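One file, entry13.tsv, is given below (TSV, C-alpha atoms (C1' of nucleotides)).
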chain	number	residue	atom	x	y	z
A	1	MET	CA	35.57	-48.67	-105.37
A	2	GLU	CA	34.24	-50.12	-102.11
A	3	THR	CA	30.77	-49.42	-100.81
A	4	VAL	CA	30.12	-48.94	-97.13
A	5	GLY	CA	28.34	-52.28	-97.13
A	6	GLN	CA	31.34	-54.09	-98.53
A	7	ILE	CA	33.64	-52.47	-96.01
A	8	ILE	CA	31.40	-53.64	-93.20
A	9	ARG	CA	30.93	-57.18	-94.47
A	10	ILE	CA	34.62	-57.75	-95.07
A	11	LYS	CA	35.53	-56.45	-91.65
A	12	ARG	CA	32.80	-58.43	-89.91
A	13	GLU	CA	33.82	-61.67	-91.55
A	14	SER	CA	37.50	-61.06	-90.90
A	15	GLN	CA	36.59	-60.94	-87.22
A	16	GLY	CA	34.53	-64.10	-87.40
A	17	LEU	CA	31.40	-62.35	-86.22
A	18	LEU	CA	27.90	-63.37	-87.23
A	19	LEU	CA	25.21	-61.03	-88.50
A	20	ARG	CA	23.20	-61.91	-85.45
A	21	GLN	CA	25.98	-60.90	-83.09
A	22	VAL	CA	26.69	-57.56	-84.67
A	23	ALA	CA	23.00	-56.81	-85.15
A	24	ALA	CA	22.37	-57.46	-81.45
A	25	HIS	CA	24.91	-54.82	-80.57
A	26	LEU	CA	23.26	-52.39	-82.95
A	27	ASP	CA	19.89	-53.24	-81.48
A	28	ILE	CA	18.39	-53.99	-84.87
A	29	ASP	CA	17.22	-57.13	-86.60
A	30	GLN	CA	19.90	-59.05	-88.44
A	31	ALA	CA	17.80	-58.79	-91.58
A	32	ILE	CA	18.58	-55.10	-91.75
A	33	LEU	CA	22.28	-55.62	-91.26
A	34	SER	CA	22.25	-58.21	-94.00
A	35	LYS	CA	20.63	-55.68	-96.29
A	36	ILE	CA	23.00	-52.91	-95.29
A	37	GLU	CA	25.97	-55.08	-96.14
A	38	ARG	CA	24.54	-55.82	-99.56
A	39	ASN	CA	23.61	-52.17	-100.13
A	40	GLU	CA	19.96	-53.01	-100.22
A	41	ARG	CA	19.22	-50.71	-97.33
A	42	LYS	CA	20.93	-47.53	-96.26
A	43	PRO	CA	22.23	-47.49	-92.71
A	44	THR	CA	21.33	-44.65	-90.41
A	45	LYS	CA	24.06	-42.49	-88.96
A	46	GLU	CA	23.48	-44.22	-85.64
A	47	ASN	CA	23.89	-47.61	-87.33
A	48	ILE	CA	27.22	-46.49	-88.76
A	49	ILE	CA	28.52	-45.22	-85.44
A	50	LYS	CA	27.65	-48.42	-83.61
A	51	ILE	CA	29.04	-50.56	-86.40
A	52	SER	CA	32.33	-48.69	-86.25
A	53	GLU	CA	32.45	-49.38	-82.52
A	54	ILE	CA	31.84	-53.08	-82.59
A	55	LEU	CA	33.96	-53.75	-85.68
A	56	ASN	CA	36.78	-51.43	-84.71
A	57	LEU	CA	36.46	-49.38	-87.83
A	58	ASP	CA	37.46	-45.74	-87.86
A	59	LYS	CA	34.26	-43.92	-87.07
A	60	ASP	CA	34.97	-40.73	-88.98
A	61	GLU	CA	36.21	-42.60	-92.00
A	62	LEU	CA	33.11	-44.79	-92.07
A	63	LEU	CA	30.89	-41.74	-91.71
A	64	VAL	CA	32.65	-40.09	-94.62
A	65	GLN	CA	32.03	-43.18	-96.71
A	66	PHE	CA	28.42	-43.28	-95.59
A	67	MET	CA	27.69	-39.64	-96.38
A	68	SER	CA	29.57	-39.62	-99.66
A	69	ASP	CA	27.71	-42.75	-100.71
A	70	LYS	CA	24.44	-41.01	-100.05
A	71	ILE	CA	25.38	-37.91	-102.02
A	72	ALA	CA	26.91	-39.81	-104.91
A	73	TYR	CA	23.84	-41.98	-105.17
A	74	GLU	CA	21.63	-38.89	-105.11
A	75	ILE	CA	23.23	-37.14	-108.05
A	76	ALA	CA	25.19	-39.73	-110.04
A	77	ASP	CA	22.59	-39.86	-112.77
A	78	GLU	CA	22.57	-36.12	-113.32
A	79	ASP	CA	24.61	-34.67	-116.14
A	80	CYS	CA	25.51	-31.76	-113.94
A	81	ALA	CA	26.67	-33.87	-111.00
A	82	ASN	CA	30.15	-32.42	-110.96
A	83	ARG	CA	28.96	-28.85	-111.12
A	84	VAL	CA	26.58	-29.58	-108.30
A	85	LEU	CA	29.47	-30.77	-106.14
A	86	LYS	CA	31.59	-27.75	-107.00
A	87	VAL	CA	28.81	-25.35	-106.12
A	88	ALA	CA	28.02	-27.31	-102.96
A	89	GLU	CA	31.65	-26.92	-101.95
A	90	LYS	CA	31.43	-23.16	-102.27
A	91	LYS	CA	28.20	-23.10	-100.31
A	92	VAL	CA	29.66	-25.21	-97.53
A	93	LYS	CA	32.60	-22.83	-97.29
A	94	TYR	CA	30.20	-19.93	-97.11
A	95	LEU	CA	28.00	-21.57	-94.51
A	96	LYS	CA	30.94	-22.56	-92.34
A	97	ALA	CA	32.33	-19.03	-92.47
A	98	HIS	CA	29.01	-17.45	-91.56
A	99	SER	CA	27.49	-19.93	-89.15
A	100	VAL	CA	27.10	-19.25	-85.48
A	101	LYS	CA	29.99	-20.92	-83.72
A	102	ASN	CA	29.16	-23.64	-81.16
B	1	MET	CA	25.72	-16.06	-101.80
B	2	GLU	CA	22.22	-16.24	-103.26
B	3	THR	CA	19.78	-18.93	-102.26
B	4	VAL	CA	17.47	-20.54	-104.76
B	5	GLY	CA	14.60	-18.77	-103.05
B	6	GLN	CA	16.18	-15.38	-103.51
B	7	ILE	CA	16.90	-16.05	-107.15
B	8	ILE	CA	13.26	-16.95	-107.72
B	9	ARG	CA	11.80	-14.01	-105.83
B	10	ILE	CA	14.00	-11.46	-107.54
B	11	LYS	CA	13.19	-12.83	-110.97
B	12	ARG	CA	9.47	-13.07	-110.25
B	13	GLU	CA	9.29	-9.49	-109.03
B	14	SER	CA	11.38	-8.22	-111.93
B	15	GLN	CA	8.71	-9.66	-114.19
B	16	GLY	CA	5.88	-8.12	-112.23
B	17	LEU	CA	4.30	-11.50	-111.51
B	18	LEU	CA	2.31	-12.28	-108.39
B	19	LEU	CA	2.81	-15.31	-106.17
B	20	ARG	CA	-0.69	-16.35	-107.08
B	21	GLN	CA	0.07	-16.28	-110.80
B	22	VAL	CA	3.26	-18.26	-110.62
B	23	ALA	CA	1.81	-20.70	-108.11
B	24	ALA	CA	-1.11	-21.39	-110.43
B	25	HIS	CA	1.30	-22.41	-113.15
B	26	LEU	CA	3.09	-24.71	-110.71
B	27	ASP	CA	-0.23	-26.13	-109.61
B	28	ILE	CA	0.51	-25.51	-105.95
B	29	ASP	CA	-0.87	-23.13	-103.36
B	30	GLN	CA	0.76	-19.74	-103.27
B	31	ALA	CA	1.56	-20.33	-99.62
B	32	ILE	CA	4.14	-22.89	-100.65
B	33	LEU	CA	5.73	-20.64	-103.21
B	34	SER	CA	5.91	-17.89	-100.63
B	35	LYS	CA	7.72	-20.27	-98.31
B	36	ILE	CA	10.03	-21.52	-101.05
B	37	GLU	CA	11.09	-17.97	-101.85
B	38	ARG	CA	11.88	-17.34	-98.21
B	39	ASN	CA	13.70	-20.66	-97.84
B	40	GLU	CA	11.16	-21.89	-95.35
B	41	ARG	CA	10.23	-24.84	-97.55
B	42	LYS	CA	12.35	-26.75	-100.00
B	43	PRO	CA	11.02	-26.96	-103.54
B	44	THR	CA	10.67	-30.30	-105.25
B	45	LYS	CA	12.55	-30.95	-108.45
B	46	GLU	CA	9.26	-30.62	-110.30
B	47	ASN	CA	8.66	-27.24	-108.67
B	48	ILE	CA	12.07	-26.06	-109.83
B	49	ILE	CA	11.53	-27.16	-113.40
B	50	LYS	CA	8.17	-25.45	-113.67
B	51	ILE	CA	9.48	-22.31	-112.01
B	52	SER	CA	12.32	-22.13	-114.50
B	53	GLU	CA	9.78	-22.37	-117.30
B	54	ILE	CA	7.44	-19.65	-116.20
B	55	LEU	CA	10.15	-17.27	-115.03
B	56	ASN	CA	12.49	-17.88	-117.96
B	57	LEU	CA	15.29	-18.99	-115.73
B	58	ASP	CA	17.91	-21.43	-117.00
B	59	LYS	CA	16.56	-24.80	-115.97
B	60	ASP	CA	19.88	-26.57	-115.52
B	61	GLU	CA	21.39	-23.69	-113.63
B	62	LEU	CA	18.44	-23.55	-111.27
B	63	LEU	CA	18.60	-27.30	-110.74
B	64	VAL	CA	22.28	-27.05	-109.92
B	65	GLN	CA	21.49	-24.39	-107.35
B	66	PHE	CA	18.68	-26.49	-105.95
B	67	MET	CA	20.70	-29.68	-105.61
B	68	SER	CA	23.79	-27.99	-104.29
B	69	ASP	CA	21.65	-26.20	-101.73
B	70	LYS	CA	20.32	-29.52	-100.55
B	71	ILE	CA	23.73	-31.13	-100.29
B	72	ALA	CA	25.37	-28.15	-98.64
B	73	TYR	CA	22.60	-27.96	-96.09
B	74	GLU	CA	22.93	-31.69	-95.41
B	75	ILE	CA	26.62	-31.65	-94.54
B	76	ALA	CA	27.57	-28.09	-93.69
B	77	ASP	CA	27.69	-28.81	-89.98
B	78	GLU	CA	30.02	-31.78	-90.33
B	79	ASP	CA	33.71	-31.27	-89.73
B	80	CYS	CA	34.47	-33.62	-92.57
B	81	ALA	CA	32.18	-31.88	-95.06
B	82	ASN	CA	34.95	-31.19	-97.53
B	83	ARG	CA	36.26	-34.71	-97.44
B	84	VAL	CA	32.78	-36.00	-97.98
B	85	LEU	CA	32.47	-33.91	-101.13
B	86	LYS	CA	35.85	-35.04	-102.41
B	87	VAL	CA	35.01	-38.70	-101.90
B	88	ALA	CA	31.56	-38.18	-103.40
B	89	GLU	CA	33.25	-36.74	-106.48
B	90	LYS	CA	35.33	-39.85	-106.90
B	91	LYS	CA	32.30	-42.07	-106.44
B	92	VAL	CA	30.30	-40.12	-109.00
B	93	LYS	CA	33.15	-40.51	-111.49
B	94	TYR	CA	33.21	-44.22	-110.79
B	95	LEU	CA	29.46	-44.62	-111.06
B	96	LYS	CA	29.29	-42.68	-114.30
B	97	ALA	CA	32.07	-44.74	-115.82
B	98	HIS	CA	30.47	-48.03	-114.80
B	99	SER	CA	26.77	-47.33	-115.17
B	100	VAL	CA	24.65	-48.83	-117.89
B	101	LYS	CA	24.34	-46.23	-120.62
B	102	ASN	CA	20.85	-44.99	-121.46
C	1	DT	C1'	18.89	-85.25	-92.62
C	2	DT	C1'	19.90	-81.58	-89.23
C	3	DA	C1'	21.81	-77.44	-87.78
C	4	DT	C1'	23.32	-72.91	-88.59
C	5	DA	C1'	23.79	-68.59	-91.18
C	6	DT	C1'	21.99	-65.65	-94.35
C	7	DT	C1'	18.47	-63.73	-97.41
C	8	DT	C1'	13.96	-62.34	-98.78
C	9	DG	C1'	9.60	-60.18	-98.78
C	10	DA	C1'	5.35	-58.89	-96.51
C	11	DC	C1'	4.06	-56.05	-93.11
C	12	DA	C1'	3.84	-52.30	-89.26
C	13	DC	C1'	5.03	-48.11	-87.41
C	14	DA	C1'	7.18	-43.61	-87.27
C	15	DT	C1'	8.75	-39.61	-89.28
C	16	DA	C1'	9.26	-36.45	-93.08
C	17	DT	C1'	7.46	-34.30	-97.09
C	18	DT	C1'	4.22	-31.92	-99.68
C	19	DG	C1'	0.32	-29.76	-100.00
C	20	DT	C1'	-4.45	-27.17	-98.59
C	21	DC	C1'	-6.96	-23.87	-96.21
C	22	DA	C1'	-8.31	-20.00	-93.67
C	23	DA	C1'	-7.03	-16.44	-90.82
C	24	DG	C1'	-3.50	-12.90	-90.03
C	25	DT	C1'	-0.44	-8.92	-91.38
C	26	DA	C1'	1.27	-5.04	-94.19
C	27	DA	C1'	1.04	-1.65	-97.58
C	28	DA	C1'	-1.44	1.04	-100.94
C	29	DT	C1'	-5.62	3.39	-102.42
C	30	DC	C1'	-10.09	5.19	-102.02
D	1	DG	C1'	-9.85	4.91	-91.42
D	2	DA	C1'	-12.07	1.40	-94.45
D	3	DT	C1'	-11.19	-1.42	-98.25
D	4	DT	C1'	-8.48	-3.86	-101.28
D	5	DT	C1'	-4.57	-6.46	-102.57
D	6	DA	C1'	-0.49	-9.16	-101.87
D	7	DC	C1'	1.79	-11.80	-98.99
D	8	DT	C1'	2.65	-14.64	-94.69
D	9	DT	C1'	1.63	-17.81	-91.10
D	10	DG	C1'	0.30	-21.87	-88.72
D	11	DA	C1'	-2.84	-25.76	-88.10
D	12	DC	C1'	-4.02	-29.53	-90.43
D	13	DA	C1'	-4.39	-33.60	-93.95
D	14	DA	C1'	-2.62	-36.75	-97.17
D	15	DT	C1'	1.03	-39.17	-98.85
D	16	DA	C1'	5.65	-40.86	-99.26
D	17	DT	C1'	9.76	-42.44	-97.31
D	18	DG	C1'	12.50	-44.51	-93.79
D	19	DT	C1'	13.29	-47.83	-90.29
D	20	DG	C1'	12.41	-51.79	-88.24
D	21	DT	C1'	10.08	-56.75	-87.15
D	22	DC	C1'	8.96	-61.28	-88.24
D	23	DA	C1'	8.66	-65.63	-90.33
D	24	DA	C1'	9.47	-68.31	-94.20
D	25	DA	C1'	12.86	-69.48	-97.87
D	26	DT	C1'	17.41	-70.48	-99.16
D	27	DA	C1'	22.05	-71.67	-98.83
D	28	DT	C1'	26.05	-73.97	-96.55
D	29	DA	C1'	28.20	-77.19	-93.77
D	30	DA	C1'	28.31	-81.24	-90.55
Once more with this new file: its structure as C-alpha cells, please.
Amino acid sequence: METVGQIIRIKRESQGLLLRQVAAHLDIDQAILSKIERNERKPTKENIIKISEILNLDKDELLVQFMSDKIAYEIADEDCANRVLKVAEKKVKYLKAHSVKN
Amino acid sequence: METVGQIIRIKRESQGLLLRQVAAHLDIDQAILSKIERNERKPTKENIIKISEILNLDKDELLVQFMSDKIAYEIADEDCANRVLKVAEKKVKYLKAHSVKN
DNA sequence: TTATATTTGACACATATTGTCAAGTAAATC
DNA sequence: GATTTACTTGACAATATGTGTCAAATATAA
C-alpha cells in the first residue's frame, strides 16, 4: 500500500527532479517537501494540487489518496474504524442529497 | 438523520437534566454544551465520553456518531467523497493488519 | 577534499480549537 | 408586568495545531 509521500517521491525521481526544483514551484522550502515525501509532514490540499501539476500526476487521484490517508490515519487505531466509515458513508449520502446545490 | 447534538439534547431532556448540571459533570461551561447540542461547536472526544457517562448513552455508539460526523463534514462537499471513503477503508484494513499490536 | 542533495531540528508565525464570561433572550410563575 | 430560570449569544483569552523558514548535520558522488 503506497502512501502519498511514496507516490510523490517515486514520480519526482523518475523525472530526475530535485527537491529544490519541485519545492520552488510549490513555493515552499524543500525541507517541507522532503518531510512530505517521507510522511513526516502532511501536505496541504494546495501542496497536493501544485505537486500534481509539476509532476504530471492525476490531480483527483492524488487528492483521493491525500484525503483517504488523512482519514485512515485519524481512525486506524479505533476498534470501531470500519463502523465509523460505514456511518460516514450514509451521512455523506444524506448531506449530498440535502445540500444546497451550487 | 440525527446529529450527535440532537441525540444528546433529546437524551438530556428526557432525563430532566439541565445544561448547567451536565456541563458541570463535563467540567466545561454550559455555553459550550448548549452549542454542542445545536451543532454550533464540535465536542472533543473527552466531551463525548463524559456525556455518554452522565446521560447513560452507549459510549462506543456515541463515539461512532461523533467520528463519522467529523469525517462526513470534512468530505461531503467533494465529488470524490465516496471514493475517498472506499480507499480509506482499504488503508485502515492495511494499517490494522500491519500495526504493532498493543 | 569538495560539491551537491537530502535530512533534521529548533524556531517563528498563523490559524484553529477550546474554553470563559457576561450580557441577552424566552418562557414560566408570582 | 416583574422576577426567576433556563438557555443562547458573541466577544474575548488561552492553548494547541499547522505551516513554513533557516541553518546545521548528514549522506552521496566526483
Could you please select, counting only C-alpha atoms (C1' of nucleotides), the residues of chain C within 9 Å of chain B and state them as a PyMOL selection string? chain C and resi 18-20
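One distance worth recording is that between atom C1' of D:DT19 and atom CA of A:Ser14, which is 27.6 Å.
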With 10 Å as the limit and counting all atoms listed in the file, what residues in chain D lie close to chain B? Please list them as a list in words. DA6, DC7, DT8 and DT9 of chain D
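Counting all atoms listed in the file, the residue from A:Ser52, A:Gln21, A:Gln15, A:Gln65 that sits nearest to B:Ala88 is A:Gln65.
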For a quick test of understanding: name the residues of chain A lying within 6 Å of chain B when counting all atoms listed in the file, and present them as an NGL selection string. :A and (64 or 68 or 72 or 76 or 84 or 87-88 or 92)
Just give me the gap between atom CA of B:Lys59 and atom CA of B:Gly16 in Å, one decimal is fine.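 Going from atom CA of B:Lys59 over to atom CA of B:Gly16 covers 20.2 Å.
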Show which residues sit within 12 Å of C:DA14, as an NGL selection string. Count only C-alpha atoms (C1' of nucleotides), and ignore same-chain residues fewer than 3 positions away. :D and (17-20)
Okay, now the selection with C-alpha atoms (C1' of nucleotides), as a tab-separated table (two decimals), in the coordinates of the input?
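Dumped to part.tsv:
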chain	number	residue	atom	x	y	z
D	17	DT	C1'	9.76	-42.44	-97.31
D	18	DG	C1'	12.50	-44.51	-93.79
D	19	DT	C1'	13.29	-47.83	-90.29
D	20	DG	C1'	12.41	-51.79	-88.24
Superposed chain A (ref. Chain B, all C-alpha pairs in order) as a PDB file with C-alpha atoms, keeping the file's coordinate frame:
ATOM      1  CA  MET A   1      25.795 -16.145-101.945  1.00  0.00           C
ATOM      2  CA  GLU A   2      22.257 -16.387-103.331  1.00  0.00           C
ATOM      3  CA  THR A   3      19.835 -19.099-102.330  1.00  0.00           C
ATOM      4  CA  VAL A   4      17.484 -20.644-104.836  1.00  0.00           C
ATOM      5  CA  GLY A   5      14.638 -18.870-103.081  1.00  0.00           C
ATOM      6  CA  GLN A   6      16.245 -15.482-103.498  1.00  0.00           C
ATOM      7  CA  ILE A   7      16.928 -16.126-107.156  1.00  0.00           C
ATOM      8  CA  ILE A   8      13.288 -16.984-107.694  1.00  0.00           C
ATOM      9  CA  ARG A   9      11.864 -14.069-105.735  1.00  0.00           C
ATOM     10  CA  ILE A  10      14.058 -11.499-107.432  1.00  0.00           C
ATOM     11  CA  LYS A  11      13.215 -12.822-110.860  1.00  0.00           C
ATOM     12  CA  ARG A  12       9.500 -13.047-110.120  1.00  0.00           C
ATOM     13  CA  GLU A  13       9.328  -9.498-108.853  1.00  0.00           C
ATOM     14  CA  SER A  14      11.399  -8.170-111.731  1.00  0.00           C
ATOM     15  CA  GLN A  15       8.702  -9.561-114.007  1.00  0.00           C
ATOM     16  CA  GLY A  16       5.900  -8.044-111.978  1.00  0.00           C
ATOM     17  CA  LEU A  17       4.319 -11.405-111.302  1.00  0.00           C
ATOM     18  CA  LEU A  18       2.348 -12.224-108.178  1.00  0.00           C
ATOM     19  CA  LEU A  19       2.830 -15.294-106.018  1.00  0.00           C
ATOM     20  CA  ARG A  20      -0.665 -16.319-106.938  1.00  0.00           C
ATOM     21  CA  GLN A  21       0.062 -16.173-110.649  1.00  0.00           C
ATOM     22  CA  VAL A  22       3.247 -18.173-110.539  1.00  0.00           C
ATOM     23  CA  ALA A  23       1.806 -20.653-108.053  1.00  0.00           C
ATOM     24  CA  ALA A  24      -1.159 -21.270-110.364  1.00  0.00           C
ATOM     25  CA  HIS A  25       1.213 -22.259-113.119  1.00  0.00           C
ATOM     26  CA  LEU A  26       3.021 -24.603-110.768  1.00  0.00           C
ATOM     27  CA  ASP A  27      -0.287 -26.034-109.651  1.00  0.00           C
ATOM     28  CA  ILE A  28       0.494 -25.482-105.992  1.00  0.00           C
ATOM     29  CA  ASP A  29      -0.839 -23.166-103.331  1.00  0.00           C
ATOM     30  CA  GLN A  30       0.790 -19.763-103.193  1.00  0.00           C
ATOM     31  CA  ALA A  31       1.620 -20.411 -99.556  1.00  0.00           C
ATOM     32  CA  ILE A  32       4.179 -22.968-100.635  1.00  0.00           C
ATOM     33  CA  LEU A  33       5.745 -20.671-103.180  1.00  0.00           C
ATOM     34  CA  SER A  34       5.985 -17.974-100.557  1.00  0.00           C
ATOM     35  CA  LYS A  35       7.810 -20.404 -98.313  1.00  0.00           C
ATOM     36  CA  ILE A  36      10.082 -21.615-101.081  1.00  0.00           C
ATOM     37  CA  GLU A  37      11.142 -18.070-101.827  1.00  0.00           C
ATOM     38  CA  ARG A  38      11.987 -17.482 -98.190  1.00  0.00           C
ATOM     39  CA  ASN A  39      13.776 -20.833 -97.905  1.00  0.00           C
ATOM     40  CA  GLU A  40      11.258 -22.080 -95.428  1.00  0.00           C
ATOM     41  CA  ARG A  41      10.323 -24.986 -97.635  1.00  0.00           C
ATOM     42  CA  LYS A  42      12.392 -26.901-100.132  1.00  0.00           C
ATOM     43  CA  PRO A  43      11.012 -27.015-103.650  1.00  0.00           C
ATOM     44  CA  THR A  44      10.635 -30.318-105.415  1.00  0.00           C
ATOM     45  CA  LYS A  45      12.511 -30.938-108.627  1.00  0.00           C
ATOM     46  CA  GLU A  46       9.219 -30.564-110.464  1.00  0.00           C
ATOM     47  CA  ASN A  47       8.642 -27.208-108.755  1.00  0.00           C
ATOM     48  CA  ILE A  48      12.050 -26.027-109.931  1.00  0.00           C
ATOM     49  CA  ILE A  49      11.478 -27.096-113.516  1.00  0.00           C
ATOM     50  CA  LYS A  50       8.124 -25.350-113.746  1.00  0.00           C
ATOM     51  CA  ILE A  51       9.462 -22.249-112.047  1.00  0.00           C
ATOM     52  CA  SER A  52      12.295 -22.049-114.553  1.00  0.00           C
ATOM     53  CA  GLU A  53       9.724 -22.238-117.339  1.00  0.00           C
ATOM     54  CA  ILE A  54       7.404 -19.530-116.178  1.00  0.00           C
ATOM     55  CA  LEU A  55      10.146 -17.172-114.989  1.00  0.00           C
ATOM     56  CA  ASN A  56      12.452 -17.770-117.921  1.00  0.00           C
ATOM     57  CA  LEU A  57      15.274 -18.930-115.747  1.00  0.00           C
ATOM     58  CA  ASP A  58      17.849 -21.359-117.059  1.00  0.00           C
ATOM     59  CA  LYS A  59      16.502 -24.729-116.056  1.00  0.00           C
ATOM     60  CA  ASP A  60      19.806 -26.535-115.664  1.00  0.00           C
ATOM     61  CA  GLU A  61      21.344 -23.684-113.750  1.00  0.00           C
ATOM     62  CA  LEU A  62      18.399 -23.539-111.358  1.00  0.00           C
ATOM     63  CA  LEU A  63      18.549 -27.295-110.873  1.00  0.00           C
ATOM     64  CA  VAL A  64      22.233 -27.063-110.058  1.00  0.00           C
ATOM     65  CA  GLN A  65      21.465 -24.415-107.470  1.00  0.00           C
ATOM     66  CA  PHE A  66      18.637 -26.509-106.087  1.00  0.00           C
ATOM     67  CA  MET A  67      20.670 -29.697-105.755  1.00  0.00           C
ATOM     68  CA  SER A  68      23.763 -27.990-104.409  1.00  0.00           C
ATOM     69  CA  ASP A  69      21.622 -26.200-101.845  1.00  0.00           C
ATOM     70  CA  LYS A  70      20.270 -29.514-100.684  1.00  0.00           C
ATOM     71  CA  ILE A  71      23.695 -31.109-100.370  1.00  0.00           C
ATOM     72  CA  ALA A  72      25.305 -28.108 -98.727  1.00  0.00           C
ATOM     73  CA  TYR A  73      22.504 -27.922 -96.213  1.00  0.00           C
ATOM     74  CA  GLU A  74      22.864 -31.639 -95.512  1.00  0.00           C
ATOM     75  CA  ILE A  75      26.528 -31.567 -94.596  1.00  0.00           C
ATOM     76  CA  ALA A  76      27.466 -27.970 -93.768  1.00  0.00           C
ATOM     77  CA  ASP A  77      27.546 -28.656 -90.060  1.00  0.00           C
ATOM     78  CA  GLU A  78      29.899 -31.599 -90.367  1.00  0.00           C
ATOM     79  CA  ASP A  79      33.582 -31.073 -89.754  1.00  0.00           C
ATOM     80  CA  CYS A  80      34.348 -33.448 -92.563  1.00  0.00           C
ATOM     81  CA  ALA A  81      32.090 -31.750 -95.104  1.00  0.00           C
ATOM     82  CA  ASN A  82      34.871 -31.081 -97.559  1.00  0.00           C
ATOM     83  CA  ARG A  83      36.217 -34.595 -97.412  1.00  0.00           C
ATOM     84  CA  VAL A  84      32.728 -35.890 -97.959  1.00  0.00           C
ATOM     85  CA  LEU A  85      32.446 -33.846-101.149  1.00  0.00           C
ATOM     86  CA  LYS A  86      35.838 -34.989-102.392  1.00  0.00           C
ATOM     87  CA  VAL A  87      34.994 -38.627-101.831  1.00  0.00           C
ATOM     88  CA  ALA A  88      31.553 -38.142-103.371  1.00  0.00           C
ATOM     89  CA  GLU A  89      33.257 -36.740-106.450  1.00  0.00           C
ATOM     90  CA  LYS A  90      35.365 -39.856-106.814  1.00  0.00           C
ATOM     91  CA  LYS A  91      32.334 -42.062-106.338  1.00  0.00           C
ATOM     92  CA  VAL A  92      30.347 -40.168-108.941  1.00  0.00           C
ATOM     93  CA  LYS A  93      33.199 -40.590-111.402  1.00  0.00           C
ATOM     94  CA  TYR A  94      33.273 -44.280-110.638  1.00  0.00           C
ATOM     95  CA  LEU A  95      29.527 -44.687-110.948  1.00  0.00           C
ATOM     96  CA  LYS A  96      29.377 -42.782-114.216  1.00  0.00           C
ATOM     97  CA  ALA A  97      32.179 -44.891-115.669  1.00  0.00           C
ATOM     98  CA  HIS A  98      30.559 -48.155-114.636  1.00  0.00           C
ATOM     99  CA  SER A  99      26.867 -47.472-115.052  1.00  0.00           C
ATOM    100  CA  VAL A 100      24.782 -49.039-117.750  1.00  0.00           C
ATOM    101  CA  LYS A 101      24.482 -46.516-120.540  1.00  0.00           C
ATOM    102  CA  ASN A 102      20.969 -45.301-121.447  1.00  0.00           C
TER     103      ASN A 102
END
The residues within 12 Å of (1.0, -43.1, -92.0), using all atoms listed in the file and the coordinates of the file, should be reported as number ranges by chain; which are they? C: 12-16; D: 13-18
Selection near B:Leu57, 12 Å with all atoms listed in the file, sequence-local residues under 6 positions removed, as a list in words: Val4, Ile7, Ile8, Arg9, Ile10, Lys11, Arg12, Gln15, Ile48, Ile49, Lys50, Ile51, Leu63 and Gln65 of chain B
Separation of atom C1' of D:DA25 and atom C1' of C:DG9, in Å?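 Computing the Euclidean distance for atom C1' of D:DA25 and atom C1' of C:DG9 yields 9.9 Å.
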Contacts of stretch 2-4 of chain C within 9 Å, all atoms listed in the file, excl. fewer than 5 positions in-chain, as a list in words: DT28, DA29 and DA30 of chain D
Please give the centre and size of the box around stretch 13-30 of chain D (axis-aligned, containing every atom listed in the file, 4 Å added per side), with values in Å to one decimal and written as lines of an AutoDock Vina configuration file.
center_x = 12.0
center_y = -57.4
center_z = -93.2
size_x = 40.7
size_y = 55.6
size_z = 20.1
Do you know which residues are at most 12 Å from D:DA27 counting only C-alpha atoms (C1' of nucleotides), after dropping those on the same chain fewer than 3 positions away, and could you put them as a list in words?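 Close residues of D:DA27: DT4, DA5, DT6 and DT7 of chain C.
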12 Å contact set for D:DT3, all atoms listed in the file, chain neighbours under 5 positions out, as a list in words: DA28, DT29 and DC30 of chain C
